[in-house]
Amino acid sequence: MTFKTKESRLLLILATFFVANAILSEFIGVKIFSVEGTLGIKHFDINLLGVPNLSFNMSAGVLTWPIIFIMTDIINEYFGVKQVRFLSVLTSILIAFAFLVIWGAMGLTASDFWVHQNINGADLNMNNAFAGIFGQGMWIIVGSIVAFLVGQIADVVIFHRIKRITGERALWLRSTGSTLVSQLIDSFVVIFIAFYLNPQYHWSWQMVAAIGLVNYTYKFLVAILMTPVLYVVHAIIDSYLGKDLSGRLVKMAGRN
């Protein structure tokens with residue numbers, strides 16, 4: 001395959017952004033950040049389902065997830081369900097492979113000169129820092145991969161069911177609607193596997209539900225705010241493909 005046609009080049013670009021951002025999300029996701037602190041506002045300290053002092057502490061992986069879901073919906077729109085499913089399975093395999101490589105790297109004996117370094121005035125053991133950042137637990141890895149796959153499957157199914165009802169109209173409804181449902185599933189599946197089923201933690205179902213709801217609230221707002229971006233990306237692609245080719249791809253995607 002030479003990627004000489006516009007549609008083949010478009011699929012290559014969309015697929016690489018999809019895979020790269022999904023893998024990137026797994027590795028930056030180890031950092032937990034405060035949304036309120038980042039915005040410079042007071043913590044909300046929410047009391048939900050008997051769990052006190054909840055605030056918007058999110059995985060940094062949420063920075064790239066909006067891009068992944070835009071790529072998902074665009075690929076779904078122009079290339080159909082089969083391409084999204086294939087990419088989702090491939091991405092899951094690549095994420096697992098990436099963690100396997102990291103596990104191997106963690107087992108390497110560190111050079112003496114590299115281990116102890118001064119970073120921003122603090123003495124750090126770089127080997128421990130490397131293990132702490134990249135060495136995510138097996139339950140978290142399994143939870144994130146399962147949540148990703150289940151969320152992606154839900155996204156494509158809901159996207160096309162809405163499209164059957166609305167036709168080519170209401171792009172915002174099928175795209176944002178499918179993302180909102182898939183993110184609801186993703187928010188709870190990953191927490192349930194990583195912290196409820198994981199014997200290392202002892203989270204109650206109230207804790208899982210409360211933190212899942214807080215996380216989903218953030219994702220809900222971001223999904224709504226990203227809707228205009230979807231229309232911009234859609235317009236750029238239509239301009240690149242041309243009206244006739246764009247229309248043919250969308251029609252063919254609807255049959256898959």
# chains A, B, ... in the order shown; residues from 1 in each chain; ligands from 1
>>> select_by_dssp(residues="range 29-231 of chain A", states="strand (DSSP E)", output="ChimeraX atom specification")
/A:32-34,46-48,51-54,57-59,116-119,122-125
>>> select_by_dssp(residues="range 22-247 of chain A", states="helix (DSSP H, G or I)", output="number ranges by chain")
A: 22-28, 35-39, 60-63, 65-79, 81-106, 112-115, 126-134, 138-166, 171-197, 205-225, 227-241, 243-247
>>> residues_around(residues="Ile162 in chain A", least_positions_apart="3", cutoff="10 Å", atoms="only C-alpha atoms", output="list in words")
Val157, Ile158, Phe159, Ile165, Thr166, Gly167, Ala170, Leu171, Leu173, Arg174, Ser175, Gly177 and Ser178 of chain A
>>> atom_distance(atom1="CA of Leu10 in chain A", atom2="CA of Val222 in chain A")
25.5 Å
>>> residues_around(residues="range 205-211 of chain A", least_positions_apart="3", cutoff="6 Å", atoms="only C-alpha atoms", output="mmCIF file with N, CA and C atoms, in the first residue's frame")
data_model
loop_
_atom_site.group_PDB
_atom_site.id
_atom_site.type_symbol
_atom_site.label_atom_id
_atom_site.label_comp_id
_atom_site.auth_asym_id
_atom_site.auth_seq_id
_atom_site.Cartn_x
_atom_site.Cartn_y
_atom_site.Cartn_z
ATOM 1 N N LEU A 48 -20.400 13.212 48.491
ATOM 2 C CA LEU A 48 -21.243 12.452 47.581
ATOM 3 C C LEU A 48 -21.308 10.997 48.019
ATOM 4 N N LEU A 49 -22.519 10.475 48.180
ATOM 5 C CA LEU A 49 -22.741 9.077 48.585
ATOM 6 C C LEU A 49 -21.999 8.722 49.866
ATOM 7 N N VAL A 214 -17.682 11.963 39.892
ATOM 8 C CA VAL A 214 -16.894 13.197 39.833
ATOM 9 C C VAL A 214 -16.063 13.221 38.555
#
>>> residues_around(residues="Gly29 in chain A", least_positions_apart="2", cutoff="8 Å", atoms="only C-alpha atoms", output="list in words")
Ser25, Glu26, Phe27, Lys31, Ile32, Ser59, Ala60, Gly61 and Val62 of chain A
>>> write_last_selection(atoms="N, CA and C atoms", output="mmCIF file, in the first residue's frame")
data_model
loop_
_atom_site.group_PDB
_atom_site.id
_atom_site.type_symbol
_atom_site.label_atom_id
_atom_site.label_comp_id
_atom_site.auth_asym_id
_atom_site.auth_seq_id
_atom_site.Cartn_x
_atom_site.Cartn_y
_atom_site.Cartn_z
ATOM 1 N N SER A 25 -1.621 8.602 26.588
ATOM 2 C CA SER A 25 -2.535 8.771 27.725
ATOM 3 C C SER A 25 -2.228 7.797 28.847
ATOM 4 N N GLU A 26 -1.844 6.564 28.487
ATOM 5 C CA GLU A 26 -1.535 5.556 29.495
ATOM 6 C C GLU A 26 -0.337 5.976 30.350
ATOM 7 N N PHE A 27 0.649 6.616 29.729
ATOM 8 C CA PHE A 27 1.880 6.927 30.450
ATOM 9 C C PHE A 27 1.831 8.261 31.187
ATOM 10 N N LYS A 31 0.182 10.665 36.446
ATOM 11 C CA LYS A 31 0.147 11.927 37.199
ATOM 12 C C LYS A 31 -1.296 12.309 37.486
ATOM 13 N N ILE A 32 -1.596 12.581 38.744
ATOM 14 C CA ILE A 32 -2.919 13.044 39.150
ATOM 15 C C ILE A 32 -2.834 14.545 39.402
ATOM 16 N N SER A 59 -6.698 12.146 36.378
ATOM 17 C CA SER A 59 -5.500 11.615 35.719
ATOM 18 C C SER A 59 -5.126 12.540 34.562
ATOM 19 N N ALA A 60 -3.836 12.789 34.397
ATOM 20 C CA ALA A 60 -3.380 13.639 33.293
ATOM 21 C C ALA A 60 -3.713 13.033 31.937
ATOM 22 N N GLY A 61 -4.094 11.753 31.926
ATOM 23 C CA GLY A 61 -4.508 11.115 30.686
ATOM 24 C C GLY A 61 -5.719 11.764 30.041
ATOM 25 N N VAL A 62 -6.502 12.511 30.832
ATOM 26 C CA VAL A 62 -7.685 13.173 30.254
ATOM 27 C C VAL A 62 -7.291 14.263 29.260
#
>>> closest_residue(among="A:Asn120, A:Lys82, A:Pro52, A:Lys251", to="Arg164 in chain A", atoms="only C-alpha atoms")
A:Lys251
>>> residues_around(residues="Ser187 in chain A", least_positions_apart="6", cutoff="7 Å", atoms="only C-alpha atoms", output="list in words")
Gly212, Asn215 and Tyr216 of chain A
>>> residues_around(residues="Val19 in chain A", least_positions_apart="4", cutoff="9 Å", atoms="only C-alpha atoms", output="PyMOL selection string")
chain A and resi 14-15+23-24+68+87-88+90-91+94-95
>>> write_last_selection(atoms="N, CA and C atoms", output="compact mmCIF listing (two decimals), in the first residue's frame")
# COMPACT_ATOMS: atom_id res chain seq x y z
N LEU A 14 -5.24 9.87 10.68
CA LEU A 14 -6.19 9.71 11.78
C LEU A 14 -5.80 8.53 12.68
N ALA A 15 -5.40 7.42 12.07
CA ALA A 15 -5.04 6.22 12.83
C ALA A 15 -3.81 6.44 13.69
N ILE A 23 -1.75 5.60 23.59
CA ILE A 23 -0.57 5.12 24.32
C ILE A 23 -0.02 6.22 25.21
N LEU A 24 0.04 7.43 24.70
CA LEU A 24 0.53 8.57 25.49
C LEU A 24 -0.32 8.77 26.74
N ILE A 68 -8.62 11.47 21.24
CA ILE A 68 -8.91 10.08 20.87
C ILE A 68 -10.36 9.93 20.44
N LEU A 87 -8.78 -0.69 14.83
CA LEU A 87 -7.83 0.21 15.48
C LEU A 87 -7.88 0.10 17.00
N SER A 88 -9.07 -0.10 17.54
CA SER A 88 -9.22 -0.22 18.99
C SER A 88 -8.52 -1.48 19.51
N LEU A 90 -6.11 -3.16 17.89
CA LEU A 90 -4.68 -2.97 17.65
C LEU A 90 -4.06 -2.08 18.73
N THR A 91 -4.74 -0.99 19.08
CA THR A 91 -4.23 -0.07 20.10
C THR A 91 -4.10 -0.76 21.45
N LEU A 94 -1.04 -2.83 21.38
CA LEU A 94 0.16 -1.98 21.44
C LEU A 94 0.37 -1.41 22.84
N ILE A 95 -0.72 -1.08 23.55
CA ILE A 95 -0.59 -0.61 24.93
C ILE A 95 0.00 -1.71 25.80
>>> atom_distance(atom1="CA of Gly37 in chain A", atom2="CA of Val51 in chain A")
20.6 Å
>>> atom_distance(atom1="CA of Tyr218 in chain A", atom2="CA of Phe188 in chain A")
13.4 Å
>>> closest_residue(among="A:Thr227, A:Asn47, A:Thr72, A:Asn125", to="Phe113 in chain A", atoms="only C-alpha atoms")
A:Asn125
>>> decode(residues="range 30-45 of chain A", atoms="all heavy atoms", output="PDB file, in the first residue's frame")
ATOM      1  N   VAL A  30      -0.337   8.508  34.881  1.00  0.00           N
ATOM      2  CA  VAL A  30       0.119   8.228  36.241  1.00  0.00           C
ATOM      3  C   VAL A  30       0.132   9.498  37.094  1.00  0.00           C
ATOM      4  O   VAL A  30       0.065   9.434  38.324  1.00  0.00           O
ATOM      5  CB  VAL A  30       1.526   7.582  36.204  1.00  0.00           C
ATOM      6  CG1 VAL A  30       2.586   8.575  35.783  1.00  0.00           C
ATOM      7  CG2 VAL A  30       1.859   6.923  37.530  1.00  0.00           C
ATOM      8  N   LYS A  31       0.182  10.665  36.446  1.00  0.00           N
ATOM      9  CA  LYS A  31       0.147  11.927  37.199  1.00  0.00           C
ATOM     10  C   LYS A  31      -1.296  12.309  37.486  1.00  0.00           C
ATOM     11  O   LYS A  31      -2.135  12.344  36.589  1.00  0.00           O
ATOM     12  CB  LYS A  31       0.824  13.057  36.420  1.00  0.00           C
ATOM     13  CG  LYS A  31       0.774  14.395  37.163  1.00  0.00           C
ATOM     14  CD  LYS A  31       1.587  15.482  36.487  1.00  0.00           C
ATOM     15  CE  LYS A  31       1.530  16.782  37.290  1.00  0.00           C
ATOM     16  NZ  LYS A  31       2.398  17.836  36.703  1.00  0.00           N
ATOM     17  N   ILE A  32      -1.596  12.581  38.744  1.00  0.00           N
ATOM     18  CA  ILE A  32      -2.919  13.044  39.150  1.00  0.00           C
ATOM     19  C   ILE A  32      -2.834  14.545  39.402  1.00  0.00           C
ATOM     20  O   ILE A  32      -1.992  14.993  40.190  1.00  0.00           O
ATOM     21  CB  ILE A  32      -3.412  12.324  40.423  1.00  0.00           C
ATOM     22  CG1 ILE A  32      -3.328  10.798  40.237  1.00  0.00           C
ATOM     23  CG2 ILE A  32      -4.830  12.755  40.768  1.00  0.00           C
ATOM     24  CD1 ILE A  32      -4.170  10.247  39.114  1.00  0.00           C
ATOM     25  N   PHE A  33      -3.674  15.312  38.733  1.00  0.00           N
ATOM     26  CA  PHE A  33      -3.624  16.760  38.903  1.00  0.00           C
ATOM     27  C   PHE A  33      -4.946  17.293  39.438  1.00  0.00           C
ATOM     28  O   PHE A  33      -6.000  16.660  39.305  1.00  0.00           O
ATOM     29  CB  PHE A  33      -3.271  17.449  37.576  1.00  0.00           C
ATOM     30  CG  PHE A  33      -4.401  17.477  36.566  1.00  0.00           C
ATOM     31  CD1 PHE A  33      -5.166  18.620  36.392  1.00  0.00           C
ATOM     32  CD2 PHE A  33      -4.676  16.373  35.764  1.00  0.00           C
ATOM     33  CE1 PHE A  33      -6.193  18.658  35.462  1.00  0.00           C
ATOM     34  CE2 PHE A  33      -5.700  16.395  34.837  1.00  0.00           C
ATOM     35  CZ  PHE A  33      -6.466  17.541  34.681  1.00  0.00           C
ATOM     36  N   SER A  34      -4.865  18.451  40.062  1.00  0.00           N
ATOM     37  CA  SER A  34      -6.048  19.114  40.605  1.00  0.00           C
ATOM     38  C   SER A  34      -6.590  20.086  39.559  1.00  0.00           C
ATOM     39  O   SER A  34      -5.887  21.013  39.153  1.00  0.00           O
ATOM     40  CB  SER A  34      -5.697  19.860  41.890  1.00  0.00           C
ATOM     41  OG  SER A  34      -6.738  20.746  42.237  1.00  0.00           O
ATOM     42  N   VAL A  35      -7.829  19.859  39.126  1.00  0.00           N
ATOM     43  CA  VAL A  35      -8.446  20.765  38.154  1.00  0.00           C
ATOM     44  C   VAL A  35      -8.623  22.148  38.772  1.00  0.00           C
ATOM     45  O   VAL A  35      -8.301  23.169  38.155  1.00  0.00           O
ATOM     46  CB  VAL A  35      -9.808  20.211  37.680  1.00  0.00           C
ATOM     47  CG1 VAL A  35     -10.504  21.209  36.751  1.00  0.00           C
ATOM     48  CG2 VAL A  35      -9.625  18.867  36.982  1.00  0.00           C
ATOM     49  N   GLU A  36      -9.109  22.164  40.031  1.00  0.00           N
ATOM     50  CA  GLU A  36      -9.319  23.458  40.694  1.00  0.00           C
ATOM     51  C   GLU A  36      -8.001  24.201  40.883  1.00  0.00           C
ATOM     52  O   GLU A  36      -7.920  25.419  40.656  1.00  0.00           O
ATOM     53  CB  GLU A  36      -9.982  23.259  42.060  1.00  0.00           C
ATOM     54  CG  GLU A  36     -11.368  22.614  42.016  1.00  0.00           C
ATOM     55  CD  GLU A  36     -11.313  21.126  42.303  1.00  0.00           C
ATOM     56  OE1 GLU A  36     -10.348  20.481  41.860  1.00  0.00           O
ATOM     57  OE2 GLU A  36     -12.235  20.623  42.953  1.00  0.00           O
ATOM     58  N   GLY A  37      -6.961  23.470  41.305  1.00  0.00           N
ATOM     59  CA  GLY A  37      -5.657  24.100  41.499  1.00  0.00           C
ATOM     60  C   GLY A  37      -5.090  24.640  40.199  1.00  0.00           C
ATOM     61  O   GLY A  37      -4.504  25.716  40.159  1.00  0.00           O
ATOM     62  N   THR A  38      -5.268  23.884  39.110  1.00  0.00           N
ATOM     63  CA  THR A  38      -4.780  24.314  37.801  1.00  0.00           C
ATOM     64  C   THR A  38      -5.492  25.573  37.338  1.00  0.00           C
ATOM     65  O   THR A  38      -4.886  26.465  36.727  1.00  0.00           O
ATOM     66  CB  THR A  38      -4.971  23.185  36.766  1.00  0.00           C
ATOM     67  OG1 THR A  38      -4.277  22.013  37.217  1.00  0.00           O
ATOM     68  CG2 THR A  38      -4.438  23.591  35.404  1.00  0.00           C
ATOM     69  N   LEU A  39      -6.796  25.652  37.635  1.00  0.00           N
ATOM     70  CA  LEU A  39      -7.586  26.822  37.241  1.00  0.00           C
ATOM     71  C   LEU A  39      -7.460  27.974  38.242  1.00  0.00           C
ATOM     72  O   LEU A  39      -7.956  29.071  37.987  1.00  0.00           O
ATOM     73  CB  LEU A  39      -9.061  26.436  37.096  1.00  0.00           C
ATOM     74  CG  LEU A  39      -9.388  25.428  35.985  1.00  0.00           C
ATOM     75  CD1 LEU A  39     -10.864  25.052  36.038  1.00  0.00           C
ATOM     76  CD2 LEU A  39      -9.034  25.990  34.612  1.00  0.00           C
ATOM     77  N   GLY A  40      -6.804  27.705  39.382  1.00  0.00           N
ATOM     78  CA  GLY A  40      -6.624  28.742  40.394  1.00  0.00           C
ATOM     79  C   GLY A  40      -7.885  29.068  41.166  1.00  0.00           C
ATOM     80  O   GLY A  40      -8.091  30.208  41.590  1.00  0.00           O
ATOM     81  N   ILE A  41      -8.747  28.043  41.349  1.00  0.00           N
ATOM     82  CA  ILE A  41      -9.983  28.264  42.104  1.00  0.00           C
ATOM     83  C   ILE A  41      -9.998  27.366  43.347  1.00  0.00           C
ATOM     84  O   ILE A  41      -9.213  26.424  43.460  1.00  0.00           O
ATOM     85  CB  ILE A  41     -11.241  27.986  41.247  1.00  0.00           C
ATOM     86  CG1 ILE A  41     -11.245  26.512  40.771  1.00  0.00           C
ATOM     87  CG2 ILE A  41     -11.301  28.938  40.064  1.00  0.00           C
ATOM     88  CD1 ILE A  41     -12.482  26.132  39.977  1.00  0.00           C
ATOM     89  N   LYS A  42     -10.921  27.659  44.259  1.00  0.00           N
ATOM     90  CA  LYS A  42     -11.018  26.905  45.508  1.00  0.00           C
ATOM     91  C   LYS A  42     -11.543  25.492  45.251  1.00  0.00           C
ATOM     92  O   LYS A  42     -12.401  25.283  44.391  1.00  0.00           O
ATOM     93  CB  LYS A  42     -11.962  27.637  46.469  1.00  0.00           C
ATOM     94  CG  LYS A  42     -12.056  27.003  47.845  1.00  0.00           C
ATOM     95  CD  LYS A  42     -13.029  27.787  48.726  1.00  0.00           C
ATOM     96  CE  LYS A  42     -13.172  27.109  50.088  1.00  0.00           C
ATOM     97  NZ  LYS A  42     -14.147  27.814  50.943  1.00  0.00           N
ATOM     98  N   HIS A  43     -11.022  24.501  46.003  1.00  0.00           N
ATOM     99  CA  HIS A  43     -11.494  23.126  45.871  1.00  0.00           C
ATOM    100  C   HIS A  43     -12.975  23.050  46.245  1.00  0.00           C
ATOM    101  O   HIS A  43     -13.435  23.696  47.194  1.00  0.00           O
ATOM    102  CB  HIS A  43     -10.687  22.206  46.784  1.00  0.00           C
ATOM    103  CG  HIS A  43      -9.302  21.968  46.273  1.00  0.00           C
ATOM    104  ND1 HIS A  43      -8.504  20.943  46.739  1.00  0.00           N
ATOM    105  CD2 HIS A  43      -8.569  22.605  45.333  1.00  0.00           C
ATOM    106  CE1 HIS A  43      -7.340  20.964  46.110  1.00  0.00           C
ATOM    107  NE2 HIS A  43      -7.353  21.974  45.261  1.00  0.00           N
ATOM    108  N   PHE A  44     -13.715  22.237  45.522  1.00  0.00           N
ATOM    109  CA  PHE A  44     -15.158  22.152  45.735  1.00  0.00           C
ATOM    110  C   PHE A  44     -15.519  21.412  47.015  1.00  0.00           C
ATOM    111  O   PHE A  44     -16.547  21.687  47.630  1.00  0.00           O
ATOM    112  CB  PHE A  44     -15.824  21.470  44.539  1.00  0.00           C
ATOM    113  CG  PHE A  44     -15.860  22.333  43.305  1.00  0.00           C
ATOM    114  CD1 PHE A  44     -15.023  22.068  42.239  1.00  0.00           C
ATOM    115  CD2 PHE A  44     -16.725  23.408  43.220  1.00  0.00           C
ATOM    116  CE1 PHE A  44     -15.046  22.861  41.101  1.00  0.00           C
ATOM    117  CE2 PHE A  44     -16.759  24.205  42.090  1.00  0.00           C
ATOM    118  CZ  PHE A  44     -15.920  23.943  41.024  1.00  0.00           C
ATOM    119  N   ASP A  45     -14.705  20.416  47.424  1.00  0.00           N
ATOM    120  CA  ASP A  45     -14.971  19.620  48.624  1.00  0.00           C
ATOM    121  C   ASP A  45     -16.399  19.069  48.627  1.00  0.00           C
ATOM    122  O   ASP A  45     -17.217  19.366  49.499  1.00  0.00           O
ATOM    123  CB  ASP A  45     -14.726  20.458  49.892  1.00  0.00           C
ATOM    124  CG  ASP A  45     -13.243  20.753  50.088  1.00  0.00           C
ATOM    125  OD1 ASP A  45     -12.421  19.924  49.664  1.00  0.00           O
ATOM    126  OD2 ASP A  45     -12.924  21.824  50.637  1.00  0.00           O
TER     127      ASP A  45
END
